[in-house]
$ cat upload.cif   # mmCIF, C-alpha atoms
data_query
#
loop_
_atom_site.group_PDB
_atom_site.id
_atom_site.type_symbol
_atom_site.label_atom_id
_atom_site.label_comp_id
_atom_site.auth_asym_id
_atom_site.auth_seq_id
_atom_site.Cartn_x
_atom_site.Cartn_y
_atom_site.Cartn_z
ATOM 1 C CA MET A 480 -11.255 -11.600 -15.318
ATOM 2 C CA ASP A 481 -8.155 -13.335 -13.950
ATOM 3 C CA LEU A 482 -9.176 -16.995 -13.793
ATOM 4 C CA GLY A 483 -6.630 -17.958 -11.151
ATOM 5 C CA SER A 484 -7.792 -15.359 -8.620
ATOM 6 C CA VAL A 485 -11.485 -16.078 -9.194
ATOM 7 C CA VAL A 486 -11.058 -19.860 -8.979
ATOM 8 C CA GLY A 487 -8.792 -19.560 -5.944
ATOM 9 C CA ILE A 488 -11.122 -17.495 -3.776
ATOM 10 C CA SER A 489 -14.184 -19.425 -4.987
ATOM 11 C CA LEU A 490 -12.620 -22.778 -4.103
ATOM 12 C CA SER A 491 -11.569 -21.443 -0.695
ATOM 13 C CA LEU A 492 -15.139 -20.427 0.107
ATOM 14 C CA ILE A 493 -16.587 -23.671 -1.264
ATOM 15 C CA LEU A 494 -14.179 -25.873 0.670
ATOM 16 C CA LEU A 495 -14.726 -23.991 3.932
ATOM 17 C CA GLY A 496 -18.488 -23.939 3.464
ATOM 18 C CA THR A 497 -18.569 -27.645 2.659
ATOM 19 C CA ALA A 498 -16.465 -28.500 5.705
ATOM 20 C CA MET A 499 -18.798 -26.477 7.941
ATOM 21 C CA MET A 500 -21.937 -28.034 6.483
ATOM 22 C CA LEU A 501 -20.535 -31.541 6.894
ATOM 23 C CA GLY A 502 -19.947 -30.719 10.546
ATOM 24 C CA VAL A 503 -22.524 -28.704 12.462
ATOM 25 C CA GLY A 504 -23.752 -26.498 9.614
ATOM 26 C CA ILE A 505 -23.144 -22.835 8.762
ATOM 27 C CA GLY A 506 -25.382 -21.359 11.463
ATOM 28 C CA PRO A 507 -23.157 -21.961 14.514
ATOM 29 C CA TYR A 508 -20.312 -20.085 12.797
ATOM 30 C CA LEU A 509 -22.361 -16.903 12.482
ATOM 31 C CA ASP A 510 -21.898 -14.815 15.616
ATOM 32 C CA ILE A 511 -22.662 -11.090 15.616
ATOM 33 C CA PRO A 512 -20.418 -10.114 18.585
ATOM 34 C CA SER A 513 -17.472 -11.903 16.953
ATOM 35 C CA ILE A 514 -18.119 -10.149 13.640
ATOM 36 C CA LEU A 515 -18.325 -6.765 15.360
ATOM 37 C CA ILE A 516 -15.052 -7.323 17.174
ATOM 38 C CA THR A 517 -13.023 -8.769 14.302
ATOM 39 C CA VAL A 518 -14.422 -7.229 11.134
ATOM 40 C CA GLY A 519 -15.603 -3.952 12.613
ATOM 41 C CA GLY A 520 -12.548 -3.495 14.801
ATOM 42 C CA SER A 521 -10.030 -4.185 12.056
ATOM 43 C CA ILE A 522 -11.772 -1.769 9.678
ATOM 44 C CA THR A 523 -11.771 1.000 12.282
ATOM 45 C CA SER A 524 -8.027 0.506 12.717
ATOM 46 C CA LEU A 525 -7.599 0.814 8.950
ATOM 47 C CA LEU A 526 -9.524 4.073 9.062
ATOM 48 C CA ILE A 527 -7.049 5.335 11.654
ATOM 49 C CA GLY A 528 -3.975 4.172 9.761
ATOM 50 C CA TYR A 529 -4.875 5.193 6.190
ATOM 51 C CA LYS A 530 -6.187 8.290 4.473
ATOM 52 C CA MET A 531 -9.917 8.360 3.864
ATOM 53 C CA GLU A 532 -9.405 8.806 0.114
ATOM 54 C CA SER A 533 -7.462 5.534 0.026
ATOM 55 C CA MET A 534 -10.113 3.713 2.038
ATOM 56 C CA LYS A 535 -12.856 4.946 -0.299
ATOM 57 C CA LYS A 536 -11.015 3.334 -3.205
ATOM 58 C CA ALA A 537 -10.323 0.062 -1.383
ATOM 59 C CA PHE A 538 -13.088 -1.779 -3.259
ATOM 60 C CA THR A 539 -11.608 -0.598 -6.571
ATOM 61 C CA PHE A 540 -8.213 -1.952 -5.512
ATOM 62 C CA PHE A 541 -9.895 -5.211 -4.490
ATOM 63 C CA MET A 542 -11.444 -5.633 -7.944
ATOM 64 C CA ILE A 543 -8.058 -5.112 -9.641
ATOM 65 C CA ALA A 544 -7.050 -8.467 -8.138
ATOM 66 C CA PHE A 545 -9.762 -10.150 -10.210
ATOM 67 C CA LYS A 546 -9.900 -7.890 -13.265
ATOM 68 C CA PRO A 547 -6.384 -6.515 -13.815
ATOM 69 C CA GLN A 548 -5.114 -4.251 -16.544
ATOM 70 C CA THR A 549 -3.761 -6.412 -19.342
ATOM 71 C CA PHE A 550 -0.610 -5.748 -21.345
ATOM 72 C CA ASP A 551 0.141 -7.120 -24.809
ATOM 73 C CA VAL A 552 3.909 -7.191 -24.321
ATOM 74 C CA PRO A 553 4.765 -8.901 -27.651
ATOM 75 C CA GLY A 554 2.548 -6.394 -29.429
ATOM 76 C CA LEU A 555 4.210 -3.526 -27.575
ATOM 77 C CA ILE A 556 7.659 -4.783 -28.546
ATOM 78 C CA LYS A 557 6.590 -4.977 -32.204
ATOM 79 C CA LYS A 558 5.228 -1.426 -32.027
ATOM 80 C CA LEU A 559 8.463 -0.059 -30.557
ATOM 81 C CA VAL A 560 10.536 -1.873 -33.185
ATOM 82 C CA ASP A 561 8.293 -0.442 -35.908
ATOM 83 C CA TYR A 562 8.733 3.043 -34.438
ATOM 84 C CA SER A 563 12.485 2.492 -34.385
ATOM 85 C CA THR A 564 12.502 1.379 -38.015
ATOM 86 C CA GLN A 565 10.523 4.435 -39.104
ATOM 87 C CA ALA A 566 12.658 6.815 -37.054
ATOM 88 C CA ARG A 567 15.876 5.471 -38.609
ATOM 89 C CA ARG A 568 14.395 5.679 -42.103
ATOM 90 C CA ASP A 569 12.498 8.995 -41.985
ATOM 91 C CA GLY A 570 13.806 10.697 -38.866
ATOM 92 C CA ILE A 571 12.330 10.823 -35.381
ATOM 93 C CA LEU A 572 10.051 13.757 -36.288
ATOM 94 C CA SER A 573 8.127 11.383 -38.553
ATOM 95 C CA LEU A 574 6.727 9.703 -35.423
ATOM 96 C CA GLU A 575 4.697 12.756 -34.435
ATOM 97 C CA GLN A 576 1.466 11.478 -35.958
ATOM 98 C CA GLN A 577 1.822 8.045 -34.350
ATOM 99 C CA SER A 578 2.594 9.698 -31.026
ATOM 100 C CA ASN A 579 -0.572 11.795 -31.172
ATOM 101 C CA GLN A 580 -2.621 8.655 -31.815
ATOM 102 C CA GLU A 581 -0.870 6.535 -29.176
ATOM 103 C CA GLU A 582 -3.268 5.174 -26.528
ATOM 104 C CA ASN A 583 -0.592 4.242 -23.995
ATOM 105 C CA GLU A 584 -0.096 7.502 -22.097
ATOM 106 C CA PHE A 585 3.305 6.502 -20.732
ATOM 107 C CA LEU A 586 4.612 5.642 -24.208
ATOM 108 C CA LYS A 587 3.031 8.775 -25.647
ATOM 109 C CA ARG A 588 4.751 10.988 -23.077
ATOM 110 C CA GLY A 589 8.145 9.436 -23.784
ATOM 111 C CA LEU A 590 7.738 9.676 -27.564
ATOM 112 C CA ASN A 591 6.709 13.319 -27.363
ATOM 113 C CA MET A 592 9.770 14.182 -25.302
ATOM 114 C CA ALA A 593 12.042 12.365 -27.758
ATOM 115 C CA ILE A 594 10.385 14.072 -30.733
ATOM 116 C CA ASP A 595 10.745 17.454 -29.018
ATOM 117 C CA GLY A 596 14.480 16.869 -28.709
ATOM 118 C CA ALA A 597 14.700 16.549 -24.926
ATOM 119 C CA GLU A 598 17.987 15.352 -23.464
ATOM 120 C CA PRO A 599 18.198 11.551 -23.010
ATOM 121 C CA ASP A 600 18.951 11.899 -19.293
ATOM 122 C CA SER A 601 15.911 14.143 -18.837
ATOM 123 C CA ILE A 602 13.638 11.670 -20.609
ATOM 124 C CA ARG A 603 14.908 8.710 -18.584
ATOM 125 C CA ASP A 604 14.712 10.619 -15.287
ATOM 126 C CA LEU A 605 11.135 11.756 -15.882
ATOM 127 C CA LEU A 606 9.885 8.360 -17.049
ATOM 128 C CA GLU A 607 11.658 6.469 -14.262
ATOM 129 C CA THR A 608 10.285 8.897 -11.689
ATOM 130 C CA ASP A 609 6.790 8.341 -13.081
ATOM 131 C CA MET A 610 7.321 4.565 -12.931
ATOM 132 C CA ASP A 611 8.679 4.652 -9.371
ATOM 133 C CA ARG A 612 5.896 6.877 -8.038
ATOM 134 C CA THR A 613 3.243 4.690 -9.664
ATOM 135 C CA LEU A 614 4.814 1.600 -8.111
ATOM 136 C CA ASP A 615 4.880 3.312 -4.713
ATOM 137 C CA ARG A 616 1.163 4.109 -4.980
ATOM 138 C CA HIS A 617 0.368 0.532 -5.936
ATOM 139 C CA LYS A 618 2.428 -0.755 -3.001
ATOM 140 C CA SER A 619 0.508 1.536 -0.658
ATOM 141 C CA ASN A 620 -2.804 0.278 -2.054
ATOM 142 C CA ALA A 621 -1.736 -3.342 -1.620
ATOM 143 C CA GLY A 622 -0.570 -2.491 1.886
ATOM 144 C CA ILE A 623 -4.165 -1.781 2.911
ATOM 145 C CA PHE A 624 -5.034 -5.467 2.533
ATOM 146 C CA ASP A 625 -1.784 -6.659 4.077
ATOM 147 C CA THR A 626 -2.422 -4.418 7.077
ATOM 148 C CA TRP A 627 -6.050 -5.564 7.253
ATOM 149 C CA ALA A 628 -4.836 -9.160 7.508
ATOM 150 C CA ALA A 629 -2.591 -8.232 10.428
ATOM 151 C CA TYR A 630 -5.279 -6.181 12.190
ATOM 152 C CA ALA A 631 -7.892 -8.907 11.721
ATOM 153 C CA GLY A 632 -5.592 -11.475 13.321
ATOM 154 C CA ALA A 633 -4.900 -9.124 16.225
ATOM 155 C CA TYR A 634 -8.598 -8.389 16.758
ATOM 156 C CA GLY A 635 -9.298 -12.109 16.559
ATOM 157 C CA MET A 636 -6.945 -12.647 19.491
ATOM 158 C CA LEU A 637 -8.478 -9.669 21.295
ATOM 159 C CA GLY A 638 -11.936 -11.177 20.838
ATOM 160 C CA THR A 639 -10.662 -14.479 22.151
ATOM 161 C CA LEU A 640 -9.448 -12.754 25.315
ATOM 162 C CA ILE A 641 -12.775 -10.964 25.696
ATOM 163 C CA GLY A 642 -14.631 -14.265 25.374
ATOM 164 C CA LEU A 643 -12.345 -16.020 27.847
ATOM 165 C CA VAL A 644 -12.726 -13.240 30.410
ATOM 166 C CA ALA A 645 -16.525 -13.407 30.077
ATOM 167 C CA MET A 646 -16.397 -17.178 30.457
ATOM 168 C CA LEU A 647 -14.160 -17.113 33.528
ATOM 169 C CA LEU A 648 -16.328 -14.488 35.214
ATOM 170 C CA ASN A 649 -19.414 -16.633 34.774
ATOM 171 C CA MET A 650 -18.146 -20.113 35.544
ATOM 172 C CA SER A 651 -20.937 -20.484 38.081
ATOM 173 C CA ASP A 652 -23.532 -20.148 35.317
ATOM 174 C CA PRO A 653 -23.156 -23.086 32.899
ATOM 175 C CA ALA A 654 -25.585 -21.490 30.416
ATOM 176 C CA SER A 655 -23.238 -18.537 29.833
ATOM 177 C CA ILE A 656 -20.137 -20.607 29.166
ATOM 178 C CA GLY A 657 -21.231 -21.663 25.666
ATOM 179 C CA PRO A 658 -21.875 -18.159 24.236
ATOM 180 C CA ALA A 659 -18.676 -16.837 25.810
ATOM 181 C CA MET A 660 -16.651 -19.654 24.292
ATOM 182 C CA ALA A 661 -18.306 -19.030 20.914
ATOM 183 C CA VAL A 662 -17.085 -15.432 20.949
ATOM 184 C CA ALA A 663 -13.651 -16.581 22.083
ATOM 185 C CA LEU A 664 -13.238 -19.108 19.274
ATOM 186 C CA LEU A 665 -15.136 -17.445 16.440
ATOM 187 C CA THR A 666 -13.231 -14.182 16.634
ATOM 188 C CA THR A 667 -10.052 -16.142 15.974
ATOM 189 C CA PHE A 668 -11.832 -17.901 13.110
ATOM 190 C CA TYR A 669 -12.936 -14.609 11.529
ATOM 191 C CA GLY A 670 -9.496 -13.101 11.968
ATOM 192 C CA SER A 671 -7.891 -16.086 10.276
ATOM 193 C CA PHE A 672 -10.501 -15.997 7.496
ATOM 194 C CA ILE A 673 -9.874 -12.329 6.687
ATOM 195 C CA GLY A 674 -6.116 -12.692 6.905
ATOM 196 C CA ASN A 675 -5.645 -15.861 4.868
ATOM 197 C CA ILE A 676 -8.452 -15.710 2.312
ATOM 198 C CA VAL A 677 -8.894 -11.978 1.718
ATOM 199 C CA GLY A 678 -6.137 -9.802 3.169
ATOM 200 C CA SER A 679 -2.782 -11.436 2.438
ATOM 201 C CA PRO A 680 -3.694 -13.100 -0.900
ATOM 202 C CA ILE A 681 -5.199 -9.875 -2.273
ATOM 203 C CA ALA A 682 -2.162 -7.860 -1.149
ATOM 204 C CA ASN A 683 0.146 -10.381 -2.798
ATOM 205 C CA ILE A 684 -1.657 -10.407 -6.160
ATOM 206 C CA LEU A 685 -1.869 -6.599 -6.180
ATOM 207 C CA MET A 686 1.908 -6.443 -5.772
ATOM 208 C CA ILE A 687 2.296 -8.875 -8.679
ATOM 209 C CA ARG A 688 0.035 -6.633 -10.791
ATOM 210 C CA ALA A 689 2.097 -3.593 -9.782
ATOM 211 C CA ASN A 690 5.383 -5.274 -10.692
ATOM 212 C CA ASP A 691 3.948 -6.360 -14.050
ATOM 213 C CA GLU A 692 3.025 -2.763 -14.834
ATOM 214 C CA ALA A 693 6.445 -1.516 -13.730
ATOM 215 C CA LEU A 694 8.128 -4.091 -15.987
ATOM 216 C CA VAL A 695 6.099 -2.897 -18.984
ATOM 217 C CA LYS A 696 7.031 0.710 -18.238
ATOM 218 C CA LEU A 697 10.691 -0.249 -17.972
ATOM 219 C CA LEU A 698 10.412 -1.934 -21.381
ATOM 220 C CA ILE A 699 8.916 1.267 -22.802
ATOM 221 C CA ILE A 700 11.721 3.359 -21.313
ATOM 222 C CA GLU A 701 14.349 1.151 -22.930
ATOM 223 C CA GLY A 702 12.485 1.342 -26.225
ATOM 224 C CA ILE A 703 12.215 5.145 -26.145
ATOM 225 C CA MET A 704 15.880 5.587 -25.303
ATOM 226 C CA SER A 705 16.932 3.274 -28.140
ATOM 227 C CA ILE A 706 14.656 5.032 -30.630
ATOM 228 C CA GLN A 707 16.089 8.417 -29.677
ATOM 229 C CA ALA A 708 19.636 7.084 -29.889
ATOM 230 C CA GLY A 709 18.958 5.702 -33.373
ATOM 231 C CA ASP A 710 19.803 2.119 -32.448
ATOM 232 C CA ASN A 711 19.424 -0.623 -35.018
ATOM 233 C CA PRO A 712 15.841 -2.050 -34.861
ATOM 234 C CA ARG A 713 17.208 -5.601 -34.706
ATOM 235 C CA ALA A 714 19.366 -4.689 -31.706
ATOM 236 C CA LEU A 715 16.392 -2.978 -30.064
ATOM 237 C CA GLU A 716 14.196 -6.018 -30.588
ATOM 238 C CA ALA A 717 16.856 -8.321 -29.154
ATOM 239 C CA LYS A 718 17.038 -6.120 -26.054
ATOM 240 C CA LEU A 719 13.265 -5.907 -25.587
ATOM 241 C CA LEU A 720 12.700 -9.629 -26.107
ATOM 242 C CA THR A 721 14.698 -10.275 -22.940
ATOM 243 C CA PHE A 722 11.650 -8.967 -21.047
ATOM 244 C CA LEU A 723 9.729 -12.040 -22.220
ATOM 245 C CA PRO A 724 10.143 -15.687 -21.135
ATOM 246 C CA PRO A 725 12.421 -17.614 -23.529
ATOM 247 C CA ASN A 726 9.517 -19.592 -25.029
ATOM 248 C CA GLN A 727 7.758 -16.346 -26.058
ATOM 249 C CA ARG A 728 10.705 -14.649 -27.767
ATOM 250 C CA VAL A 729 9.728 -14.543 -31.424
ATOM 251 C CA SER A 730 11.566 -12.129 -33.714
ATOM 252 C CA GLN A 731 9.615 -10.317 -36.413
ATOM 253 C CA PHE A 732 12.755 -10.298 -38.563
ATOM 254 C CA GLU A 733 12.858 -14.079 -38.869
#
$ encode --input "upload.cif" --output "structure tokens"
Amino acid sequence: MDLGSVVGISLSLILLGTAMMLGVGIGPYLDIPSILITVGGSITSLLIGYKMESMKKAFTFFMIAFKPQTFDVPGLIKKLVDYSTQARRDGILSLEQQSNQEENEFLKRGLNMAIDGAEPDSIRDLLETDMDRTLDRHKSNAGIFDTWAAYAGAYGMLGTLIGLVAMLLNMSDPASIGPAMAVALLTTFYGSFIGNIVGSPIANILMIRANDEALVKLLIIEGIMSIQAGDNPRALEAKLLTFLPPNQRVSQFE
């Protein structure tokens, strides 16, 4: 689990809940009409704007924010340098066994193409296309939550207008003013809650996860191209270490 995401959303809920309880309690903030307008309305708009298959996987995308795929980048760099060393010593065909046992499908695909003697441009084009399409899919998935934040805010304002209209039409009945004002204010509250605690933060962290994956794939592409070109392992390592922060760049040759 990603500690930052879990702690962040937990603290947000705790702080809001504590503030409510120190005021008038949680109960007054629970209003079914407001929930129907804001939560229900925004979800129906998402159903209109996105494919059903994407909406069915929305919970899976949500969980990626808290339990992301992890990448051992230093370990990956060491593996690529080891592959490069073996390829220079025994020839690139000697990597066939390692390629068949490789768990990283992206790396395995690139190694197989290099071993099969594919043209360098063909290998780079295929791998970069794969990387770009994957990034596009991840952006689309993150967009669901970004769009939900926008829709929730819009439905919050819509609910506020509905509540104000109901209040203005019943000014002669003091007993109806309170419930109408509750709908007017709480829909804005729910819209802000969805947008600023769920929608936008989740979309942002999903984009960070997507960019992290794209960076790892770019590292693999550079490694594959250098292995096929027969570059010196030390030169390859120096190139790949630039993908790491300066304080994490440790050479295995030192």
$ axis_aligned_box --input "upload.cif" --around "region 547-558 of chain A" --padding-each-side "5 Å" --output "lines of an AutoDock Vina configuration file"
center_x = 0.6
center_y = -5.2
center_z = -23.0
size_x = 24.0
size_y = 17.5
size_z = 28.4
$ residues_around --input "upload.cif" --residues "Met636 (chain A)" --least-positions-apart "4" --cutoff "7 Å" --atoms "all atoms listed in the file" --output "JSON list (two decimals) with C-alpha atoms, in the frame of the given file"
[["chain", "number", "residue", "atom", "x", "y", "z"],
["A", 632, "GLY", "CA", -5.59, -11.48, 13.32],
["A", 640, "LEU", "CA", -9.45, -12.75, 25.32],
["A", 667, "THR", "CA", -10.05, -16.14, 15.97]]
$ resolve_selection --input "upload.cif" --expression "the PyMOL selection byres ((chain A and resi 687-701) around 8)" --output "list in words"
Ala544, Pro547, Phe550, Val552, Leu559, Phe585, Leu586, Gly589, Arg603, Leu606, Glu607, Met610, Asp611, Leu614, His617, Lys618, Asn683, Ile684, Leu685, Met686, Gly702, Ile703, Met704, Ser705, Leu719 and Phe722 of chain A
$ residues_around --input "upload.cif" --residues "Arg568 (chain A)" --least-positions-apart "5" --cutoff "12 Å" --atoms "all atoms listed in the file" --output "PDB file with C-alpha atoms, in the frame of the given file"
ATOM      1  CA  ASP A 561       8.293  -0.442 -35.908  1.00  0.00           C
ATOM      2  CA  TYR A 562       8.733   3.043 -34.438  1.00  0.00           C
ATOM      3  CA  SER A 563      12.485   2.492 -34.385  1.00  0.00           C
ATOM      4  CA  SER A 573       8.127  11.383 -38.553  1.00  0.00           C
ATOM      5  CA  LEU A 574       6.727   9.703 -35.423  1.00  0.00           C
ATOM      6  CA  ILE A 706      14.656   5.032 -30.630  1.00  0.00           C
ATOM      7  CA  GLY A 709      18.958   5.702 -33.373  1.00  0.00           C
ATOM      8  CA  ASP A 710      19.803   2.119 -32.448  1.00  0.00           C
ATOM      9  CA  ASN A 711      19.424  -0.623 -35.018  1.00  0.00           C
ATOM     10  CA  PRO A 712      15.841  -2.050 -34.861  1.00  0.00           C
TER      11      PRO A 712
END
$ closest_residue --input "upload.cif" --among "A:Ser655, A:Gln576, A:Thr666, A:Ser671" --to "Leu509 (chain A)" --atoms "only C-alpha atoms"
A:Thr666
$ residues_around --input "upload.cif" --residues "Val662 (chain A)" --least-positions-apart "6" --cutoff "8 Å" --atoms "all atoms listed in the file" --output "list in words"
Asp510, Pro512, Ser513, Gly638, Thr639, Ile641 and Gly642 of chain A
$ residues_near_point --input "upload.cif" --point "(-5.4, -18.9, 2.7)" --cutoff "12 Å" --atoms "only C-alpha atoms" --output "list in words"
Gly487, Ile488, Ser489, Leu490, Ser491, Leu492, Leu494, Leu495, Ala628, Gly670, Ser671, Phe672, Ile673, Gly674, Asn675, Ile676, Val677, Gly678, Ser679, Pro680, Ile681 and Asn683 of chain A
$ write_last_selection --input "upload.cif" --atoms "C-alpha atoms" --output "PDB file, keeping the file's coordinate frame"
ATOM      1  CA  GLY A 487      -8.792 -19.560  -5.944  1.00  0.00           C
ATOM      2  CA  ILE A 488     -11.122 -17.495  -3.776  1.00  0.00           C
ATOM      3  CA  SER A 489     -14.184 -19.425  -4.987  1.00  0.00           C
ATOM      4  CA  LEU A 490     -12.620 -22.778  -4.103  1.00  0.00           C
ATOM      5  CA  SER A 491     -11.569 -21.443  -0.695  1.00  0.00           C
ATOM      6  CA  LEU A 492     -15.139 -20.427   0.107  1.00  0.00           C
ATOM      7  CA  LEU A 494     -14.179 -25.873   0.670  1.00  0.00           C
ATOM      8  CA  LEU A 495     -14.726 -23.991   3.932  1.00  0.00           C
ATOM      9  CA  ALA A 628      -4.836  -9.160   7.508  1.00  0.00           C
ATOM     10  CA  GLY A 670      -9.496 -13.101  11.968  1.00  0.00           C
ATOM     11  CA  SER A 671      -7.891 -16.086  10.276  1.00  0.00           C
ATOM     12  CA  PHE A 672     -10.501 -15.997   7.496  1.00  0.00           C
ATOM     13  CA  ILE A 673      -9.874 -12.329   6.687  1.00  0.00           C
ATOM     14  CA  GLY A 674      -6.116 -12.692   6.905  1.00  0.00           C
ATOM     15  CA  ASN A 675      -5.645 -15.861   4.868  1.00  0.00           C
ATOM     16  CA  ILE A 676      -8.452 -15.710   2.312  1.00  0.00           C
ATOM     17  CA  VAL A 677      -8.894 -11.978   1.718  1.00  0.00           C
ATOM     18  CA  GLY A 678      -6.137  -9.802   3.169  1.00  0.00           C
ATOM     19  CA  SER A 679      -2.782 -11.436   2.438  1.00  0.00           C
ATOM     20  CA  PRO A 680      -3.694 -13.100  -0.900  1.00  0.00           C
ATOM     21  CA  ILE A 681      -5.199  -9.875  -2.273  1.00  0.00           C
ATOM     22  CA  ASN A 683       0.146 -10.381  -2.798  1.00  0.00           C
TER      23      ASN A 683
END
$ closest_residue --input "upload.cif" --among "A:Ala708, A:Phe540, A:Ala633, A:Lys546" --to "Ile594 (chain A)" --atoms "only C-alpha atoms"
A:Ala708
$ closest_atom_pairs --input "upload.cif" --of "region 579-672 of chain A" --to "region 514-521 of chain A" --cutoff "6 Å" --atoms "only C-alpha atoms" --output "CSV"
residue,atom,partner,partner_atom,distance
A:Tyr630,CA,A:Ser521,CA,5.2
A:Ala631,CA,A:Ser521,CA,5.2
A:Tyr634,CA,A:Thr517,CA,5.1
A:Gly635,CA,A:Thr517,CA,5.5
A:Thr666,CA,A:Thr517,CA,5.9
$ closest_atom_pairs --input "upload.cif" --of "region 597-714 of chain A" --to "region 501-507 of chain A" --cutoff "12 Å" --atoms "all atoms listed in the file" --output "tab-separated table"
residue	atom	partner	partner_atom	distance
A:Gly657	CA	A:Pro507	CA	11.3
A:Pro658	CA	A:Pro507	CA	10.5
A:Met660	CA	A:Pro507	CA	12.0
A:Ala661	CA	A:Pro507	CA	8.5
A:Val662	CA	A:Pro507	CA	11.0
A:Leu664	CA	A:Pro507	CA	11.4
A:Leu665	CA	A:Pro507	CA	9.4
$ atom_distance --input "upload.cif" --atom1 "CA of Leu647 (chain A)" --atom2 "CA of Tyr508 (chain A)"
21.8 Å
$ closest_residue --input "upload.cif" --among "A:Trp627, A:Leu526, A:Glu582, A:Met650" --to "Leu555 (chain A)" --atoms "all atoms listed in the file"
A:Glu582
$ atom_distance --input "upload.cif" --atom1 "CA of Phe541 (chain A)" --atom2 "CA of Ser619 (chain A)"
13.0 Å
